[in-house]
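*Asks:* Data file run03.pdb (PDB, C-alpha atoms) is appended below.
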```pdb
MODEL        1
ATOM      1  CA  MET A 156     124.016  83.083 121.571
ATOM      2  CA  LYS A 157     122.047  80.981 119.080
ATOM      3  CA  LYS A 158     123.839  77.816 120.223
ATOM      4  CA  THR A 159     122.877  78.462 123.819
ATOM      5  CA  PHE A 160     119.277  79.221 122.952
ATOM      6  CA  ARG A 161     118.950  76.180 120.653
ATOM      7  CA  PHE A 162     120.331  73.948 123.442
ATOM      8  CA  LEU A 163     117.697  75.417 125.721
ATOM      9  CA  LEU A 164     114.889  74.902 123.238
ATOM     10  CA  MET A 165     115.721  71.330 122.335
ATOM     11  CA  GLY A 166     116.798  70.072 125.725
ATOM     12  CA  ILE A 167     115.283  71.647 128.785
ATOM     13  CA  MET A 168     112.293  73.709 127.764
ATOM     14  CA  VAL A 169     109.143  73.917 129.627
ATOM     15  CA  VAL A 170     105.591  74.557 128.513
ATOM     16  CA  SER A 171     102.330  73.866 130.350
ATOM     17  CA  MET A 172      98.549  73.580 130.304
ATOM     18  CA  ALA A 173      96.135  73.559 133.189
ATOM     19  CA  PHE A 174      93.746  70.705 133.632
ATOM     20  CA  THR A 175      91.122  70.395 136.341
ATOM     21  CA  SER A 176      88.548  67.694 136.906
ATOM     22  CA  CYS A 177      84.992  68.912 136.304
ATOM     23  CA  LYS A 178      82.955  65.704 136.673
ATOM     24  CA  ASP A 179      80.236  65.677 139.303
ATOM     25  CA  ASP A 180      80.097  62.835 141.809
ATOM     26  CA  GLU A 181      77.815  60.114 140.489
ATOM     27  CA  GLU A 182      77.904  58.149 143.706
ATOM     28  CA  ASP A 183      79.383  59.297 146.981
ATOM     29  CA  SER A 184      80.672  55.786 147.604
ATOM     30  CA  LYS A 185      82.762  55.649 144.430
ATOM     31  CA  PRO A 186      86.462  56.507 144.801
ATOM     32  CA  GLN A 187      87.278  59.734 142.978
ATOM     33  CA  PRO A 188      90.313  60.010 140.697
ATOM     34  CA  GLU A 189      93.113  62.242 141.919
ATOM     35  CA  GLN A 190      92.730  65.771 140.592
ATOM     36  CA  THR A 191      95.090  66.897 137.844
ATOM     37  CA  SER A 192      96.143  70.528 137.771
ATOM     38  CA  PHE A 193      98.780  73.090 136.863
ATOM     39  CA  SER A 194      99.040  76.532 138.417
ATOM     40  CA  TYR A 195     101.658  79.253 138.746
ATOM     41  CA  ASN A 196     102.262  82.739 140.078
ATOM     42  CA  LEU A 197     104.854  85.221 138.836
ATOM     43  CA  GLU A 198     105.206  88.317 141.000
ATOM     44  CA  GLY A 199     103.597  91.353 139.386
ATOM     45  CA  GLU A 200     102.201  89.392 136.423
ATOM     46  CA  THR A 201      98.635  88.235 135.764
ATOM     47  CA  SER A 202      98.396  84.441 135.779
ATOM     48  CA  TRP A 203      96.813  82.720 132.785
ATOM     49  CA  LYS A 204      95.402  79.298 131.988
ATOM     50  CA  PRO A 205      97.601  77.536 129.421
ATOM     51  CA  LYS A 206      96.058  76.131 126.281
ATOM     52  CA  SER A 207      98.555  73.256 126.079
ATOM     53  CA  LEU A 208     100.612  71.241 128.567
ATOM     54  CA  ILE A 209     103.301  68.686 127.776
ATOM     55  CA  VAL A 210     105.294  66.958 130.525
ATOM     56  CA  GLY A 211     107.753  64.139 129.835
ATOM     57  CA  GLU A 212     110.628  62.235 131.436
ATOM     58  CA  GLU A 213     113.800  62.159 129.365
ATOM     59  CA  GLU A 214     117.514  61.543 129.994
ATOM     60  CA  GLY A 215     117.539  61.999 133.745
ATOM     61  CA  TYR A 216     115.081  64.840 134.172
ATOM     62  CA  VAL A 217     111.496  65.885 133.482
ATOM     63  CA  ILE A 218     110.691  68.496 130.843
ATOM     64  CA  ALA A 219     107.541  70.593 131.142
ATOM     65  CA  LEU A 220     106.385  72.741 128.211
ATOM     66  CA  ALA A 221     103.355  75.053 128.439
ATOM     67  CA  ALA A 222     101.742  77.745 126.288
ATOM     68  CA  LYS A 223      98.935  80.198 126.794
ATOM     69  CA  ASP A 224      97.776  80.403 123.175
ATOM     70  CA  LEU A 225      99.434  77.582 121.188
ATOM     71  CA  THR A 226      98.003  74.115 120.657
ATOM     72  CA  THR A 227     100.011  71.018 121.547
ATOM     73  CA  GLN A 228     100.909  70.527 117.887
ATOM     74  CA  GLU A 229     101.981  74.163 117.431
ATOM     75  CA  ILE A 230     104.231  74.123 120.491
ATOM     76  CA  LEU A 231     105.802  70.809 119.416
ATOM     77  CA  GLU A 232     106.491  72.198 115.945
ATOM     78  CA  PHE A 233     108.255  75.209 117.437
ATOM     79  CA  PHE A 234     110.421  73.166 119.805
ATOM     80  CA  ASN A 235     111.135  70.616 117.072
ATOM     81  CA  GLY A 236     113.464  73.054 115.346
ATOM     82  CA  SER A 237     111.167  75.231 113.254
ATOM     83  CA  GLY A 238     111.653  78.039 115.784
ATOM     84  CA  LEU A 239     114.496  80.547 115.569
ATOM     85  CA  ASP A 240     116.506  78.760 112.889
ATOM     86  CA  GLY A 241     113.371  78.222 110.813
ATOM     87  CA  GLY A 242     112.437  81.888 110.902
ATOM     88  CA  VAL A 243     109.275  81.301 112.920
ATOM     89  CA  GLU A 244     108.399  84.062 115.350
ATOM     90  CA  VAL A 245     109.120  83.157 118.970
ATOM     91  CA  PRO A 246     105.753  82.676 120.681
ATOM     92  CA  SER A 247     104.862  84.757 123.715
ATOM     93  CA  ASN A 248     103.473  83.490 127.011
ATOM     94  CA  ILE A 249     105.214  80.132 127.203
ATOM     95  CA  PHE A 250     106.828  78.197 130.061
ATOM     96  CA  MET A 251     109.892  75.982 129.870
ATOM     97  CA  MET A 252     110.786  73.989 132.992
ATOM     98  CA  GLY A 253     113.432  71.405 133.853
ATOM     99  CA  LEU A 254     112.532  69.237 136.858
ATOM    100  CA  PRO A 255     114.050  66.227 138.686
ATOM    101  CA  ASN A 256     112.897  62.717 137.796
ATOM    102  CA  VAL A 257     113.201  61.428 141.380
ATOM    103  CA  VAL A 258     110.961  61.992 144.394
ATOM    104  CA  GLY A 259     112.386  64.449 146.918
ATOM    105  CA  GLU A 260     113.446  68.069 147.313
ATOM    106  CA  VAL A 261     116.385  69.734 145.591
ATOM    107  CA  ALA A 262     117.756  73.278 145.752
ATOM    108  CA  VAL A 263     119.588  74.591 142.682
ATOM    109  CA  THR A 264     121.388  77.745 141.634
ATOM    110  CA  GLY A 265     122.211  78.929 138.149
ATOM    111  CA  ASN A 266     120.090  79.370 135.043
ATOM    112  CA  LEU A 267     119.018  77.280 132.066
ATOM    113  CA  LEU A 268     120.801  79.586 129.597
ATOM    114  CA  ASP A 269     124.144  78.328 130.922
ATOM    115  CA  GLU A 270     124.957  75.088 129.081
ATOM    116  CA  ALA A 271     127.252  74.034 131.920
ATOM    117  CA  GLY A 272     124.615  74.677 134.567
ATOM    118  CA  SER A 273     121.901  72.551 136.136
ATOM    119  CA  PRO A 274     119.091  71.250 133.888
ATOM    120  CA  TYR A 275     116.614  72.255 136.622
ATOM    121  CA  GLY A 276     114.816  75.589 136.615
ATOM    122  CA  CYS A 277     112.277  77.657 134.714
ATOM    123  CA  ILE A 278     112.022  80.104 131.833
ATOM    124  CA  PHE A 279     108.922  82.227 131.243
ATOM    125  CA  ILE A 280     108.889  83.927 127.814
ATOM    126  CA  THR A 281     106.618  86.991 127.699
ATOM    127  CA  GLY A 282     107.354  88.212 124.162
ATOM    128  CA  THR A 283     110.230  89.396 121.940
ATOM    129  CA  THR A 284     112.324  92.480 121.256
ATOM    130  CA  GLU A 285     114.993  93.443 118.729
ATOM    131  CA  LEU A 286     118.581  93.220 119.989
ATOM    132  CA  MET A 287     121.679  93.464 117.784
ATOM    133  CA  GLY A 288     119.577  92.774 114.707
ATOM    134  CA  GLN A 289     118.004  89.638 116.120
ATOM    135  CA  SER A 290     114.598  88.871 117.569
ATOM    136  CA  ILE A 291     115.353  88.015 121.198
ATOM    137  CA  PRO A 292     112.881  86.601 123.737
ATOM    138  CA  THR A 293     111.890  88.775 126.673
ATOM    139  CA  GLY A 294     110.855  87.327 129.987
ATOM    140  CA  TRP A 295     112.252  85.731 133.130
ATOM    141  CA  VAL A 296     114.745  82.993 133.965
ATOM    142  CA  SER A 297     115.184  81.274 137.329
ATOM    143  CA  THR A 298     118.528  81.982 139.000
ATOM    144  CA  SER A 299     117.801  79.815 142.032
ATOM    145  CA  ALA A 300     115.017  77.379 142.802
ATOM    146  CA  THR A 301     113.721  74.853 145.283
ATOM    147  CA  ILE A 302     111.875  71.957 143.662
ATOM    148  CA  ASN A 303     109.924  69.297 145.520
ATOM    149  CA  VAL A 304     108.869  66.209 143.551
ATOM    150  CA  THR A 305     106.109  64.392 145.439
ATOM    151  CA  LYS A 306     105.081  61.839 142.810
ATOM    152  CA  LEU A 307     106.809  59.977 139.982
ATOM    153  CA  ASP A 308     104.744  56.980 138.891
ATOM    154  CA  LEU A 309     106.243  55.451 135.740
ATOM    155  CA  THR A 310     103.560  52.740 135.683
ATOM    156  CA  ALA A 311     100.574  55.095 135.676
ATOM    157  CA  MET A 312     102.781  57.774 134.041
ATOM    158  CA  LYS A 313     101.833  60.482 136.553
ATOM    159  CA  TYR A 314     103.966  63.274 138.037
ATOM    160  CA  SER A 315     103.561  65.870 140.806
ATOM    161  CA  ALA A 316     105.973  68.629 141.824
ATOM    162  CA  THR A 317     106.186  72.175 143.132
ATOM    163  CA  MET A 318     108.753  74.877 142.409
ATOM    164  CA  SER A 319     109.666  78.108 144.182
ATOM    165  CA  ALA A 320     112.196  80.256 142.337
ATOM    166  CA  THR A 321     113.845  83.650 142.055
ATOM    167  CA  MET A 322     113.623  84.889 138.462
ATOM    168  CA  GLY A 323     115.962  87.317 136.701
ATOM    169  CA  ASP A 324     115.462  89.309 133.501
ATOM    170  CA  PHE A 325     116.014  87.135 130.400
ATOM    171  CA  ILE A 326     118.022  89.720 128.451
ATOM    172  CA  SER A 327     120.165  90.667 131.455
ATOM    173  CA  ILE A 328     121.074  87.023 132.017
ATOM    174  CA  MET A 329     121.657  86.350 128.319
ATOM    175  CA  THR A 330     123.987  89.377 128.045
ATOM    176  CA  GLU A 331     125.592  88.766 131.457
ATOM    177  CA  GLY A 332     124.272  92.054 132.814
ATOM    178  CA  LEU A 333     125.322  94.263 129.904
ATOM    179  CA  MET A 334     121.713  94.919 128.896
ATOM    180  CA  GLY A 335     118.286  94.423 130.380
ATOM    181  CA  SER A 336     117.081  94.934 133.928
ATOM    182  CA  SER A 337     118.524  93.929 137.299
ATOM    183  CA  GLU A 338     114.981  93.401 138.645
ATOM    184  CA  THR A 339     114.074  90.015 140.123
ATOM    185  CA  LYS A 340     110.693  88.368 140.643
ATOM    186  CA  THR A 341     109.391  85.529 142.800
ATOM    187  CA  PHE A 342     107.896  82.571 140.938
ATOM    188  CA  THR A 343     105.945  79.554 142.189
ATOM    189  CA  ALA A 344     104.422  76.666 140.246
ATOM    190  CA  SER A 345     102.561  73.451 140.989
ATOM    191  CA  LEU A 346     102.024  70.384 138.804
ATOM    192  CA  GLN A 347      99.678  67.866 140.408
ATOM    193  CA  ASN A 348      99.118  64.390 138.988
ATOM    194  CA  VAL A 349      99.911  65.487 135.420
ATOM    195  CA  SER A 350     100.357  62.841 132.728
ATOM    196  CA  LEU A 351     103.870  61.986 131.539
ATOM    197  CA  VAL A 352     104.368  61.557 127.793
ATOM    198  CA  ASP A 353     107.262  60.733 125.486
ATOM    199  CA  ILE A 354     108.032  64.229 124.204
ATOM    200  CA  TYR A 355     110.738  63.166 121.760
ATOM    201  CA  ALA A 356     108.509  60.497 120.253
ATOM    202  CA  MET A 357     105.842  63.158 119.780
ATOM    203  CA  MET A 358     108.451  65.287 118.015
ATOM    204  CA  GLY A 359     109.375  62.375 115.779
ATOM    205  CA  LYS A 360     112.899  62.091 117.200
TER     206      LYS A 360
ENDMDL
END
```
Take the structure in this file and express it as structure tokens.
*Replies:*
Amino acid sequence: MKKTFRFLLMGIMVVSMAFTSCKDDEEDSKPQPEQTSFSYNLEGETSWKPKSLIVGEEEGYVIALAAKDLTTQEILEFFNGSGLDGGVEVPSNIFMMGLPNVVGEVAVTGNLLDEAGSPYGCIFITGTTELMGQSIPTGWVSTSATINVTKLDLTAMKYSATMSATMGDFISIMTEGLMGSSETKTFTASLQNVSLVDIYAMMGK
């Protein structure tokens, strides 16, 4: 279980921050920069504005990491290995997304907790609970998703994509249905013109 979760944390996790342009037009004739934004909706849950957003292209896919309450440095420290193995409490209200690094639409099935599965999908951690003497994340994991990448500019380092997914209960998926809930939720997300960074360089890898 720890091996699977560590693979998830270090390889395909997703966390995000919303940015919107707030500058007023100085001159109507001046071209305006393309708006940058992140938004999501998880059925039955109240959406929040993330405090930090990190999106980077690495090894054939794009990783998106987002957190409601953690700073960029705090979320990097957690994903850099000071998380579960370091005894640090798993943060709540975080996103982990794996996205294609090519323009176009893809449809995927499977979940990110399966090491043999697709690197594309989403995990939304809502908190933690105790299970078999361990602190286990609670939340939702995509079991199928349609992802449409509309922009991948490696010169300007900008990325745009949307995702529509069916999410299953984290604990149910982790325990292969032995525990947790069979409930599913609909999830949508949009990243528009977000900046791409070198996540592993930021982590000191």
*Asks:* Check what the PyMOL selection byres ((chain A and resi 256) around 8) selects in the file above and give those residues as a ChimeraX atom specification.
*Replies:* /A:212,215-217,254-255,257-258,304,307
*Asks:* At a cut-off of 10 Å around the point (110.1, 75.2, 132.6) (file coordinates), what residues fall inside when counting only C-alpha atoms? I'd like the answer as a ChimeraX atom specification.
*Replies:* /A:167-171,210,217-221,249-254,267,274-279,296-297,318,344
*Asks:* Applied to this file, what does the PyMOL selection byres ((chain A and resi 301) around 9) return in terms of residues, put as number ranges by chain?
*Replies:* A: 260-264, 276, 299-300, 302-303, 317-320
*Asks:* Given all atoms listed in the file as the basis, pick out the residue of A:Ile328, A:Ala311, A:Thr305, A:Glu285 nearest to Gln347 in chain A.
*Replies:*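 Looking only at the distances to Gln347 in chain A, the closest residue turns out to be A:Thr305.
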*Asks:* Check the smallest atom-to-atom distance from each of A:Gly332, A:Leu197, A:Ile209, A:Met322 to Leu231 in chain A using all atoms listed in the file, then report the winner.
*Replies:*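 When distances to Leu231 in chain A are compared using all atoms listed in the file, the smallest one comes from A:Ile209.
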*Asks:* For Tyr355 in chain A, which residue out of A:Gly282, A:Thr321, A:Lys306, A:Glu214 is the nearest one, using all atoms listed in the file?
*Replies:*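 Nearest candidate to Tyr355 in chain A out of A:Gly282, A:Thr321, A:Lys306, A:Glu214: A:Glu214.
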*Asks:* Compare A:Thr293, A:Ser207, A:Ser273, A:Gln228 by their minimum atom-to-atom distance to Met334 in chain A, counting all atoms listed in the file, and give me the closest one.
*Replies:*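 Closest candidate: A:Thr293.
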*Asks:* Given the choices A:Thr330, A:Ser315, A:Thr339, A:Thr283, which gets closest to Phe193 in chain A if the distance is worked out from all atoms listed in the file?
*Replies:* A:Ser315
*Asks:* Given the choices A:Val349, A:Ile280, A:Ile326, A:Met312, which gets closest to Ser194 in chain A if the distance is worked out from only C-alpha atoms?
*Replies:* A:Val349
*Asks:* One decimal, Å: what's the distance from CA of Leu225 in chain A over to CA of Asp353 in chain A, could you say?
*Replies:*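 Computing it gives 19.1 Å between the two atoms.
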*Asks:* Box time for range 213-221 of chain A: axis-aligned, enclosing all its listed atoms, 3 Å extra on each side; report centre and edge lengths in Å to one decimal, as JSON.
*Replies:*
```
{"center_x": 110.4, "center_y": 68.3, "center_z": 131.2, "size_x": 20.2, "size_y": 19.5, "size_z": 12.0}
```
*Asks:* Mind giving me the straight-line distance from CA of Lys340 in chain A to CA of Gly323 in chain A in Å, one decimal?
*Replies:*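 Spanning CA of Lys340 in chain A to CA of Gly323 in chain A is a straight-line distance of 6.7 Å.
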*Asks:* Give me, please, the distance in Å between CA of Pro292 in chain A and CA of Asn266 in chain A, quoted to one decimal.
*Replies:*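 Computing the Euclidean distance for CA of Pro292 in chain A and CA of Asn266 in chain A yields 15.2 Å.
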*Asks:* To verify the selection step, state as a list in words which residues the PyMOL selection byres ((chain A and resi 196) around 10) yields on this input.
*Replies:*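 This file gives the following for the PyMOL selection byres ((chain A and resi 196) around 10): Ser194, Tyr195, Leu197, Glu198, Gly199, Glu200, Thr201, Ser202, Trp203, Ser319, Thr341, Phe342, Thr343, Ala344 and Ser345 of chain A.
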